[in-house]
file target32.txt (compact mmCIF, C-alpha atoms)
# COMPACT_ATOMS: atom_id res chain seq x y z
CA MET A 1 -44.31 16.78 15.14
CA THR A 2 -44.04 13.68 17.32
CA LYS A 3 -40.60 12.59 18.51
CA ALA A 4 -40.49 9.84 15.87
CA GLU A 5 -41.42 12.33 13.14
CA THR A 6 -38.74 14.80 14.23
CA ARG A 7 -36.16 12.05 14.28
CA GLU A 8 -37.25 10.84 10.84
CA ALA A 9 -37.15 14.43 9.48
CA LEU A 10 -33.61 14.88 10.81
CA VAL A 11 -32.43 11.62 9.24
CA ARG A 12 -34.01 12.53 5.89
CA ALA A 13 -32.54 16.05 5.95
CA ALA A 14 -29.11 14.66 6.84
CA LEU A 15 -29.14 12.08 4.03
CA GLU A 16 -30.25 14.73 1.52
CA LEU A 17 -27.47 17.10 2.56
CA PHE A 18 -24.82 14.35 2.65
CA ALA A 19 -25.83 13.45 -0.93
CA GLU A 20 -25.80 17.11 -2.06
CA ARG A 21 -22.65 18.39 -0.33
CA GLY A 22 -20.87 15.33 1.00
CA TYR A 23 -20.69 14.16 4.59
CA GLU A 24 -17.69 16.29 5.62
CA SER A 25 -19.15 19.59 4.34
CA THR A 26 -22.50 19.13 6.08
CA THR A 27 -22.87 20.62 9.57
CA ALA A 28 -25.34 19.62 12.29
CA ALA A 29 -26.70 23.18 12.07
CA ALA A 30 -27.45 22.75 8.36
CA ILE A 31 -29.22 19.44 9.01
CA ALA A 32 -31.33 21.03 11.75
CA GLU A 33 -32.20 23.98 9.51
CA ARG A 34 -33.29 21.72 6.62
CA ALA A 35 -35.45 19.71 9.05
CA GLY A 36 -36.99 22.92 10.47
CA VAL A 37 -35.65 22.55 14.01
CA THR A 38 -32.88 24.17 16.06
CA GLU A 39 -29.35 22.83 16.28
CA MET A 40 -29.98 22.14 19.97
CA THR A 41 -32.90 19.90 19.02
CA PHE A 42 -30.60 18.03 16.63
CA PHE A 43 -28.24 17.24 19.50
CA ARG A 44 -31.14 16.09 21.70
CA TYR A 45 -31.80 13.35 19.11
CA PHE A 46 -28.24 12.57 18.04
CA PRO A 47 -25.06 12.95 20.13
CA ALA A 48 -23.01 13.64 16.97
CA LYS A 49 -23.38 14.05 13.21
CA SER A 50 -22.08 10.51 12.73
CA SER A 51 -24.92 9.13 14.90
CA VAL A 52 -27.42 9.91 12.14
CA LEU A 53 -25.68 7.30 10.02
CA ILE A 54 -24.49 4.83 12.61
CA ASP A 55 -27.08 4.80 15.40
CA ASP A 56 -27.94 1.17 16.10
CA PRO A 57 -31.25 0.42 17.82
CA TYR A 58 -31.01 -3.38 17.42
CA ASP A 59 -28.42 -4.29 20.08
CA PRO A 60 -30.90 -4.89 22.95
CA LEU A 61 -33.22 -6.88 20.63
CA ILE A 62 -30.34 -9.16 19.58
CA ALA A 63 -29.22 -9.69 23.18
CA GLU A 64 -32.77 -10.60 24.27
CA ALA A 65 -33.15 -13.01 21.37
CA ILE A 66 -29.85 -14.71 22.33
CA LEU A 67 -31.10 -15.21 25.88
CA ARG A 68 -34.23 -16.88 24.51
CA GLN A 69 -32.27 -19.61 22.67
CA PRO A 70 -32.42 -23.14 24.17
CA ALA A 71 -29.54 -23.84 26.57
CA GLN A 72 -28.02 -26.67 24.50
CA VAL A 73 -27.55 -24.50 21.38
CA PRO A 74 -23.79 -23.70 20.98
CA PRO A 75 -22.74 -20.00 21.06
CA ILE A 76 -22.40 -19.17 17.38
CA ARG A 77 -25.66 -21.00 16.55
CA ALA A 78 -27.43 -18.98 19.25
CA ALA A 79 -26.06 -15.73 17.81
CA ILE A 80 -27.10 -16.72 14.28
CA ALA A 81 -30.62 -17.69 15.37
CA ALA A 82 -30.97 -14.50 17.43
CA ILE A 83 -30.01 -12.24 14.55
CA ALA A 84 -32.37 -14.05 12.20
CA GLU A 85 -35.18 -13.59 14.76
CA GLY A 86 -34.27 -10.07 15.82
CA TRP A 87 -34.33 -9.11 12.17
CA LYS A 88 -37.87 -10.48 11.77
CA SER A 89 -39.18 -8.71 14.86
CA VAL A 90 -38.38 -5.16 13.70
CA PRO A 91 -40.45 -3.52 10.99
CA PRO A 92 -38.69 -3.95 7.62
CA PRO A 93 -36.66 -0.74 7.23
CA ALA A 94 -36.79 1.12 3.95
CA SER A 95 -33.96 -0.75 2.24
CA ALA A 96 -33.07 2.16 -0.06
CA ALA A 97 -32.47 4.49 2.90
CA VAL A 98 -30.36 1.86 4.65
CA ARG A 99 -28.29 1.44 1.49
CA ASP A 100 -27.75 5.22 1.17
CA ARG A 101 -26.58 5.30 4.75
CA LEU A 102 -24.22 2.33 4.40
CA ARG A 103 -22.73 3.73 1.21
CA ILE A 104 -21.93 7.06 2.85
CA VAL A 105 -20.46 5.25 5.84
CA SER A 106 -18.29 2.91 3.77
CA ARG A 107 -16.98 5.75 1.58
CA THR A 108 -16.22 8.24 4.37
CA PRO A 109 -12.87 7.44 6.00
CA SER A 110 -13.53 9.83 8.90
CA LEU A 111 -16.50 7.67 9.92
CA ARG A 112 -14.42 4.51 10.36
CA GLY A 113 -13.80 5.16 14.04
CA ALA A 114 -17.52 5.65 14.65
CA ILE A 115 -18.42 2.42 12.80
CA ALA A 116 -15.77 0.50 14.70
CA THR A 117 -17.20 1.80 17.99
CA SER A 118 -20.75 0.94 16.94
CA ASN A 119 -19.75 -2.56 15.77
CA ALA A 120 -17.78 -3.09 18.98
CA SER A 121 -20.86 -2.23 21.04
CA THR A 122 -23.06 -4.67 19.08
CA GLU A 123 -20.32 -7.28 19.44
CA ALA A 124 -20.19 -6.65 23.20
CA ALA A 125 -23.99 -7.00 23.42
CA ILE A 126 -23.83 -10.37 21.62
CA SER A 127 -20.86 -11.56 23.63
CA GLY A 128 -22.39 -10.44 26.95
CA ALA A 129 -25.65 -12.28 26.22
CA LEU A 130 -23.74 -15.45 25.26
CA VAL A 131 -21.81 -15.33 28.55
CA GLN A 132 -25.06 -14.77 30.45
CA ARG A 133 -26.45 -18.02 29.01
CA GLY A 134 -23.34 -19.91 30.08
CA ALA A 135 -20.65 -19.67 27.37
CA PRO A 136 -17.04 -19.23 28.55
CA VAL A 137 -15.92 -15.64 27.87
CA SER A 138 -13.37 -16.65 25.23
CA GLU A 139 -15.95 -18.69 23.27
CA ALA A 140 -18.50 -15.89 23.53
CA ARG A 141 -15.99 -13.36 22.17
CA ILE A 142 -15.02 -15.61 19.27
CA ALA A 143 -18.65 -16.29 18.32
CA ALA A 144 -19.60 -12.60 18.61
CA ALA A 145 -16.60 -11.43 16.57
CA ALA A 146 -17.26 -13.95 13.79
CA THR A 147 -20.96 -13.10 13.67
CA MET A 148 -20.39 -9.34 13.49
CA ALA A 149 -17.66 -9.74 10.87
CA ALA A 150 -19.95 -11.89 8.70
CA LEU A 151 -22.79 -9.36 9.01
CA ALA A 152 -20.55 -6.35 8.33
CA ALA A 153 -19.11 -8.04 5.22
CA ALA A 154 -22.60 -8.90 3.98
CA LEU A 155 -23.96 -5.39 4.60
CA LEU A 156 -21.05 -3.67 2.84
CA ASP A 157 -21.38 -6.01 -0.11
CA TRP A 158 -25.12 -5.47 -0.30
CA ALA A 159 -24.71 -1.69 -0.03
CA GLU A 160 -22.38 -1.56 -3.01
CA GLY A 161 -24.56 -3.87 -5.14
CA ASP A 162 -28.12 -3.50 -6.42
CA GLU A 163 -29.88 -6.51 -4.89
CA PRO A 164 -33.04 -4.87 -3.48
CA ASP A 165 -33.75 -6.98 -0.38
CA LEU A 166 -31.56 -6.33 2.66
CA GLY A 167 -33.27 -9.14 4.60
CA ALA A 168 -32.23 -11.64 1.92
CA ALA A 169 -28.61 -10.44 2.16
CA ILE A 170 -28.63 -10.93 5.93
CA ASP A 171 -30.18 -14.40 5.59
CA ALA A 172 -27.49 -15.33 3.05
CA ALA A 173 -24.73 -14.15 5.41
CA LEU A 174 -26.18 -16.18 8.27
CA ARG A 175 -26.39 -19.27 6.03
CA VAL A 176 -22.71 -18.92 5.07
CA LEU A 177 -21.77 -18.38 8.72
CA ALA A 178 -23.74 -21.48 9.72
CA GLY A 179 -21.52 -23.50 7.38
CA GLY A 180 -23.81 -23.73 4.38
CA ALA A 181 -24.33 -22.17 0.91
CA SER A 182 -22.28 -22.48 -2.31
CA MET B 1 25.14 -15.69 9.96
CA THR B 2 22.67 -17.28 7.53
CA LYS B 3 19.68 -15.23 6.39
CA ALA B 4 17.39 -17.12 8.80
CA GLU B 5 19.81 -16.49 11.69
CA THR B 6 20.04 -12.77 10.92
CA ARG B 7 16.26 -12.52 10.77
CA GLU B 8 15.90 -14.40 14.04
CA ALA B 9 18.57 -12.19 15.70
CA LEU B 10 16.70 -9.06 14.56
CA VAL B 11 13.38 -10.36 15.91
CA ARG B 12 14.97 -11.29 19.24
CA ALA B 13 16.73 -7.92 19.54
CA ALA B 14 13.51 -6.09 18.69
CA LEU B 15 11.43 -7.99 21.27
CA GLU B 16 14.09 -7.38 23.95
CA LEU B 17 14.19 -3.66 23.21
CA PHE B 18 10.39 -3.34 23.02
CA ALA B 19 10.20 -5.00 26.46
CA GLU B 20 12.96 -2.78 27.90
CA ARG B 21 12.02 0.62 26.42
CA GLY B 22 8.57 0.18 24.92
CA TYR B 23 7.71 -0.10 21.25
CA GLU B 24 7.48 3.64 20.53
CA SER B 25 10.89 4.47 22.02
CA THR B 26 12.74 1.75 20.11
CA THR B 27 14.25 2.71 16.74
CA ALA B 28 15.15 0.43 13.84
CA ALA B 29 18.74 1.61 14.31
CA ALA B 30 18.76 0.44 17.93
CA ILE B 31 17.35 -2.96 16.93
CA ALA B 32 20.02 -3.34 14.24
CA GLU B 33 22.77 -2.34 16.69
CA ARG B 34 21.61 -4.86 19.30
CA ALA B 35 21.55 -7.58 16.63
CA GLY B 36 25.04 -6.59 15.46
CA VAL B 37 24.03 -5.51 11.95
CA THR B 38 23.61 -2.16 10.16
CA GLU B 39 20.33 -0.28 9.98
CA MET B 40 20.34 -0.88 6.21
CA THR B 41 20.43 -4.62 6.87
CA PHE B 42 17.44 -4.25 9.18
CA PHE B 43 15.45 -2.68 6.35
CA ARG B 44 16.49 -5.44 3.96
CA TYR B 45 14.69 -7.91 6.25
CA PHE B 46 11.77 -5.76 7.39
CA PRO B 47 10.14 -2.90 5.47
CA ALA B 48 9.24 -1.17 8.78
CA LYS B 49 9.65 -1.50 12.53
CA SER B 50 6.06 -2.79 12.79
CA SER B 51 6.87 -5.67 10.38
CA VAL B 52 8.97 -7.33 13.08
CA LEU B 53 5.76 -7.83 15.06
CA ILE B 54 3.20 -8.26 12.34
CA ASP B 55 4.91 -10.05 9.47
CA ASP B 56 2.66 -12.96 8.45
CA PRO B 57 4.25 -15.86 6.56
CA TYR B 58 1.14 -18.09 6.66
CA ASP B 59 -1.11 -16.48 4.02
CA PRO B 60 0.08 -18.55 1.03
CA LEU B 61 -0.08 -21.78 3.10
CA ILE B 62 -3.70 -21.05 4.08
CA ALA B 63 -4.69 -20.25 0.49
CA GLU B 64 -3.11 -23.49 -0.79
CA ALA B 65 -4.84 -25.52 1.90
CA ILE B 66 -8.21 -23.97 0.92
CA LEU B 67 -7.67 -24.98 -2.71
CA ARG B 68 -7.02 -28.57 -1.57
CA GLN B 69 -10.46 -28.91 0.12
CA PRO B 70 -13.03 -31.12 -1.66
CA ALA B 71 -15.32 -29.15 -3.99
CA GLN B 72 -18.54 -29.92 -2.08
CA VAL B 73 -17.28 -28.41 1.22
CA PRO B 74 -19.04 -25.03 1.81
CA PRO B 75 -16.84 -21.89 2.05
CA ILE B 76 -16.55 -21.38 5.80
CA ARG B 77 -15.94 -25.12 6.35
CA ALA B 78 -13.17 -25.02 3.75
CA ALA B 79 -11.57 -22.02 5.49
CA ILE B 80 -11.81 -23.73 8.89
CA ALA B 81 -10.29 -26.98 7.60
CA ALA B 82 -7.52 -25.08 5.79
CA ILE B 83 -6.48 -23.14 8.86
CA ALA B 84 -6.49 -26.29 10.97
CA GLU B 85 -4.28 -27.99 8.36
CA GLY B 86 -2.08 -24.97 7.63
CA TRP B 87 -1.42 -24.71 11.31
CA LYS B 88 -0.26 -28.34 11.49
CA SER B 89 2.05 -28.02 8.48
CA VAL B 90 4.24 -25.25 9.94
CA PRO B 91 6.74 -26.04 12.68
CA PRO B 92 5.20 -25.21 16.08
CA PRO B 93 6.39 -21.65 16.81
CA ALA B 94 7.79 -20.82 20.19
CA SER B 95 4.50 -19.94 21.86
CA ALA B 96 6.10 -17.60 24.40
CA ALA B 97 7.62 -15.43 21.66
CA VAL B 98 4.31 -15.31 19.78
CA ARG B 99 2.57 -14.23 22.99
CA ASP B 100 5.15 -11.47 23.62
CA ARG B 101 4.60 -10.20 20.12
CA LEU B 102 0.80 -10.28 20.30
CA ARG B 103 0.82 -8.50 23.65
CA ILE B 104 2.94 -5.66 22.32
CA VAL B 105 0.72 -5.42 19.26
CA SER B 106 -2.54 -5.38 21.22
CA ARG B 107 -1.23 -2.75 23.67
CA THR B 108 0.28 -0.37 21.13
CA PRO B 109 -2.40 1.85 19.57
CA SER B 110 -0.02 3.07 16.84
CA LEU B 111 0.23 -0.51 15.54
CA ARG B 112 -3.52 -0.85 14.92
CA GLY B 113 -3.28 0.32 11.33
CA ALA B 114 -0.53 -2.19 10.60
CA ILE B 115 -2.51 -5.07 12.19
CA ALA B 116 -5.60 -4.09 10.23
CA THR B 117 -3.58 -4.14 6.99
CA SER B 118 -2.04 -7.49 7.86
CA ASN B 119 -5.42 -9.01 8.78
CA ALA B 120 -6.97 -7.59 5.62
CA SER B 121 -4.30 -9.25 3.52
CA THR B 122 -4.84 -12.65 5.19
CA GLU B 123 -8.59 -12.15 4.73
CA ALA B 124 -8.05 -11.36 1.04
CA ALA B 125 -5.91 -14.50 0.66
CA ILE B 126 -8.68 -16.64 2.20
CA SER B 127 -11.42 -14.94 0.21
CA GLY B 128 -9.47 -15.17 -3.06
CA ALA B 129 -8.84 -18.89 -2.59
CA LEU B 130 -12.54 -19.50 -1.83
CA VAL B 131 -13.54 -17.68 -5.01
CA GLN B 132 -10.98 -19.68 -6.98
CA ARG B 133 -12.66 -22.91 -5.86
CA GLY B 134 -16.08 -21.60 -6.96
CA ALA B 135 -17.68 -19.58 -4.13
CA PRO B 136 -19.57 -16.41 -5.14
CA VAL B 137 -17.53 -13.34 -4.14
CA SER B 138 -20.01 -12.20 -1.48
CA GLU B 139 -20.04 -15.65 0.20
CA ALA B 140 -16.25 -15.83 0.07
CA ARG B 141 -15.94 -12.41 1.72
CA ILE B 142 -18.39 -13.31 4.47
CA ALA B 143 -16.65 -16.61 5.21
CA ALA B 144 -13.19 -15.00 5.18
CA ALA B 145 -14.26 -12.10 7.42
CA ALA B 146 -15.90 -14.40 9.96
CA THR B 147 -12.90 -16.75 10.01
CA MET B 148 -10.35 -13.95 10.51
CA ALA B 149 -12.49 -12.30 13.20
CA ALA B 150 -12.78 -15.59 15.10
CA LEU B 151 -9.02 -16.17 14.88
CA ALA B 152 -8.14 -12.60 15.88
CA ALA B 153 -10.47 -12.79 18.90
CA ALA B 154 -8.97 -16.13 19.94
CA LEU B 155 -5.38 -14.93 19.53
CA LEU B 156 -5.93 -11.73 21.54
CA ASP B 157 -7.65 -13.69 24.27
CA TRP B 158 -4.86 -16.25 24.35
CA ALA B 159 -2.17 -13.53 24.38
CA GLU B 160 -3.66 -11.90 27.47
CA GLY B 161 -4.16 -15.20 29.32
CA ASP B 162 -1.65 -17.80 30.50
CA GLU B 163 -2.82 -20.95 28.68
CA PRO B 164 0.51 -22.25 27.28
CA ASP B 165 -0.58 -23.90 24.02
CA LEU B 166 -1.36 -21.56 21.11
CA GLY B 167 -2.39 -24.49 18.90
CA ALA B 168 -5.09 -25.45 21.41
CA ALA B 169 -6.43 -21.88 21.39
CA ILE B 170 -6.66 -21.91 17.60
CA ASP B 171 -8.37 -25.32 17.61
CA ALA B 172 -10.90 -24.03 20.17
CA ALA B 173 -11.64 -20.97 18.01
CA LEU B 174 -12.18 -23.14 14.94
CA ARG B 175 -14.53 -25.41 16.93
CA VAL B 176 -16.61 -22.44 18.07
CA LEU B 177 -16.66 -21.08 14.51
CA ALA B 178 -17.78 -24.46 13.19
CA GLY B 179 -20.81 -24.23 15.45
CA GLY B 180 -19.66 -26.35 18.33
CA ALA B 181 -18.26 -26.05 21.89
CA SER B 182 -19.87 -24.88 25.16
call {"tool": "encode", "arguments": {"input": "target32.txt", "output": "structure tokens"}}
result
Amino acid sequence: MTKAETREALVRAALELFAERGYESTTAAAIAERAGVTEMTFFRYFPAKSSVLIDDPYDPLIAEAILRQPAQVPPIRAAIAAIAEGWKSVPPPASAAVRDRLRIVSRTPSLRGAIATSNASTEAAISGALVQRGAPVSEARIAAAATMAALAAALLDWAEGDEPDLGAAIDAALRVLAGGAS
Amino acid sequence: MTKAETREALVRAALELFAERGYESTTAAAIAERAGVTEMTFFRYFPAKSSVLIDDPYDPLIAEAILRQPAQVPPIRAAIAAIAEGWKSVPPPASAAVRDRLRIVSRTPSLRGAIATSNASTEAAISGALVQRGAPVSEARIAAAATMAALAAALLDWAEGDEPDLGAAIDAALRVLAGGAS
């Protein structure tokens, strides 16, 4: 198996087991076993069980996209444009798998700390990129916090509903954030 | 003492004691004693020690101001305008006392749950008012979450800095949220 295949197998095994037994009752060892690898291999791919659900590969993409925005664009507009672009530049994820993941996350109280940490790191990536392109720190923090809060609200809402297209949900959130819709 | 005076005396006593001994080491009984009332009186004014710091009287004002916005104004714009207005309609609070309170809150990990609950209830008030004036629930939630996140970021930033005017900090946050500044 290639690295990407092993990773994918671990994610699939984890989601299956979380659905069968619940998140709390599933161990990293059980996930590894179902995926046909050792527990040590599991921890080479994921630092913790929660990382299977919460791992966020988009932070550097979003930061780069923010730095590409024209200098005169105000902070929150730059963040909105960057997320819209960043979203287009990654291959469309399998929406059903993303929804499964988000549902487990939103219904598992013990994961709240891990989500908060993950959201804080995306927020810091956005805020850092905004400062790098010249925004005062306080403005960058406000814009990053508002953007992440809008996205998190949209994702949770989408996860609990049955609208198929995640991309459409993100676009809708960005439109509302930009002062439009309704 | 009138009710307002008793309340004010309890808040002042609490802030003094938190500054002297720290939040964790201060009991409701000690606050009551310093204010010259019984512990039972304390609990008639505040359901818990954390309420002295976190009590939020502005939620109904914000919701009413949202309902007053013209129908064609999109959700996040309505929330922004309402907070700007709501802020003007309350007597300017003593900024130094607000800063003391926010600093204690932001530096006391055990208060995080109480802040989250308080923020969630303001967010629900904003979101509920937006739905009442016709926004789809998902749009209302996104707008409310973004607005509260922007305000919380601005308030924390202001509390840790030495800019005197809280109103100016809130105005700046609303400008960034509305897509301006920098």
call {"tool": "interface_residues", "arguments": {"input": "target32.txt", "of": "chain B", "to": "chain A", "cutoff": "9 Å", "atoms": "only C-alpha atoms", "output": "compact mmCIF listing (two decimals) with C-alpha atoms, keeping the file's coordinate frame"}}
result
# COMPACT_ATOMS: atom_id res chain seq x y z
CA GLN B 72 -18.54 -29.92 -2.08
CA VAL B 73 -17.28 -28.41 1.22
CA PRO B 74 -19.04 -25.03 1.81
CA PRO B 75 -16.84 -21.89 2.05
CA ILE B 76 -16.55 -21.38 5.80
CA ARG B 77 -15.94 -25.12 6.35
CA GLY B 134 -16.08 -21.60 -6.96
CA ALA B 135 -17.68 -19.58 -4.13
CA PRO B 136 -19.57 -16.41 -5.14
CA SER B 138 -20.01 -12.20 -1.48
CA GLU B 139 -20.04 -15.65 0.20
CA ALA B 140 -16.25 -15.83 0.07
CA ARG B 141 -15.94 -12.41 1.72
CA ILE B 142 -18.39 -13.31 4.47
CA ALA B 143 -16.65 -16.61 5.21
CA ALA B 144 -13.19 -15.00 5.18
CA ALA B 145 -14.26 -12.10 7.42
CA ALA B 146 -15.90 -14.40 9.96
CA THR B 147 -12.90 -16.75 10.01
CA MET B 148 -10.35 -13.95 10.51
CA ALA B 149 -12.49 -12.30 13.20
CA ALA B 150 -12.78 -15.59 15.10
CA LEU B 151 -9.02 -16.17 14.88
CA ALA B 152 -8.14 -12.60 15.88
CA ALA B 153 -10.47 -12.79 18.90
CA ALA B 154 -8.97 -16.13 19.94
CA ASP B 157 -7.65 -13.69 24.27
CA TRP B 158 -4.86 -16.25 24.35
CA ALA B 172 -10.90 -24.03 20.17
CA ALA B 173 -11.64 -20.97 18.01
CA VAL B 176 -16.61 -22.44 18.07
CA LEU B 177 -16.66 -21.08 14.51
CA ALA B 178 -17.78 -24.46 13.19
CA GLY B 179 -20.81 -24.23 15.45
CA GLY B 180 -19.66 -26.35 18.33
CA ALA B 181 -18.26 -26.05 21.89
CA SER B 182 -19.87 -24.88 25.16
call {"tool": "residues_around", "arguments": {"input": "target32.txt", "residues": "B:Ala96", "least_positions_apart": "4", "cutoff": "12 Å", "atoms": "only C-alpha atoms", "output": "PDB file with C-alpha atoms, in the coordinates of the input"}}
result
ATOM      1  CA  LEU B  15      11.430  -7.990  21.270  1.00  0.00           C
ATOM      2  CA  PRO B  92       5.200 -25.210  16.080  1.00  0.00           C
ATOM      3  CA  ASP B 100       5.150 -11.470  23.620  1.00  0.00           C
ATOM      4  CA  ARG B 101       4.600 -10.200  20.120  1.00  0.00           C
ATOM      5  CA  LEU B 102       0.800 -10.280  20.300  1.00  0.00           C
ATOM      6  CA  ARG B 103       0.820  -8.500  23.650  1.00  0.00           C
ATOM      7  CA  TRP B 158      -4.860 -16.250  24.350  1.00  0.00           C
ATOM      8  CA  ALA B 159      -2.170 -13.530  24.380  1.00  0.00           C
ATOM      9  CA  GLU B 160      -3.660 -11.900  27.470  1.00  0.00           C
ATOM     10  CA  GLY B 161      -4.160 -15.200  29.320  1.00  0.00           C
ATOM     11  CA  ASP B 162      -1.650 -17.800  30.500  1.00  0.00           C
ATOM     12  CA  GLU B 163      -2.820 -20.950  28.680  1.00  0.00           C
ATOM     13  CA  PRO B 164       0.510 -22.250  27.280  1.00  0.00           C
ATOM     14  CA  ASP B 165      -0.580 -23.900  24.020  1.00  0.00           C
ATOM     15  CA  LEU B 166      -1.360 -21.560  21.110  1.00  0.00           C
TER      16      LEU B 166
END
call {"tool": "atom_distance", "arguments": {"input": "target32.txt", "atom1": "atom CA of B:Ser127", "atom2": "atom CA of B:Ser50"}}
result
24.7 Å
call {"tool": "residues_around", "arguments": {"input": "target32.txt", "residues": "A:Tyr58", "least_positions_apart": "2", "cutoff": "10 Å", "atoms": "only C-alpha atoms", "output": "count of residues only"}}
result
12
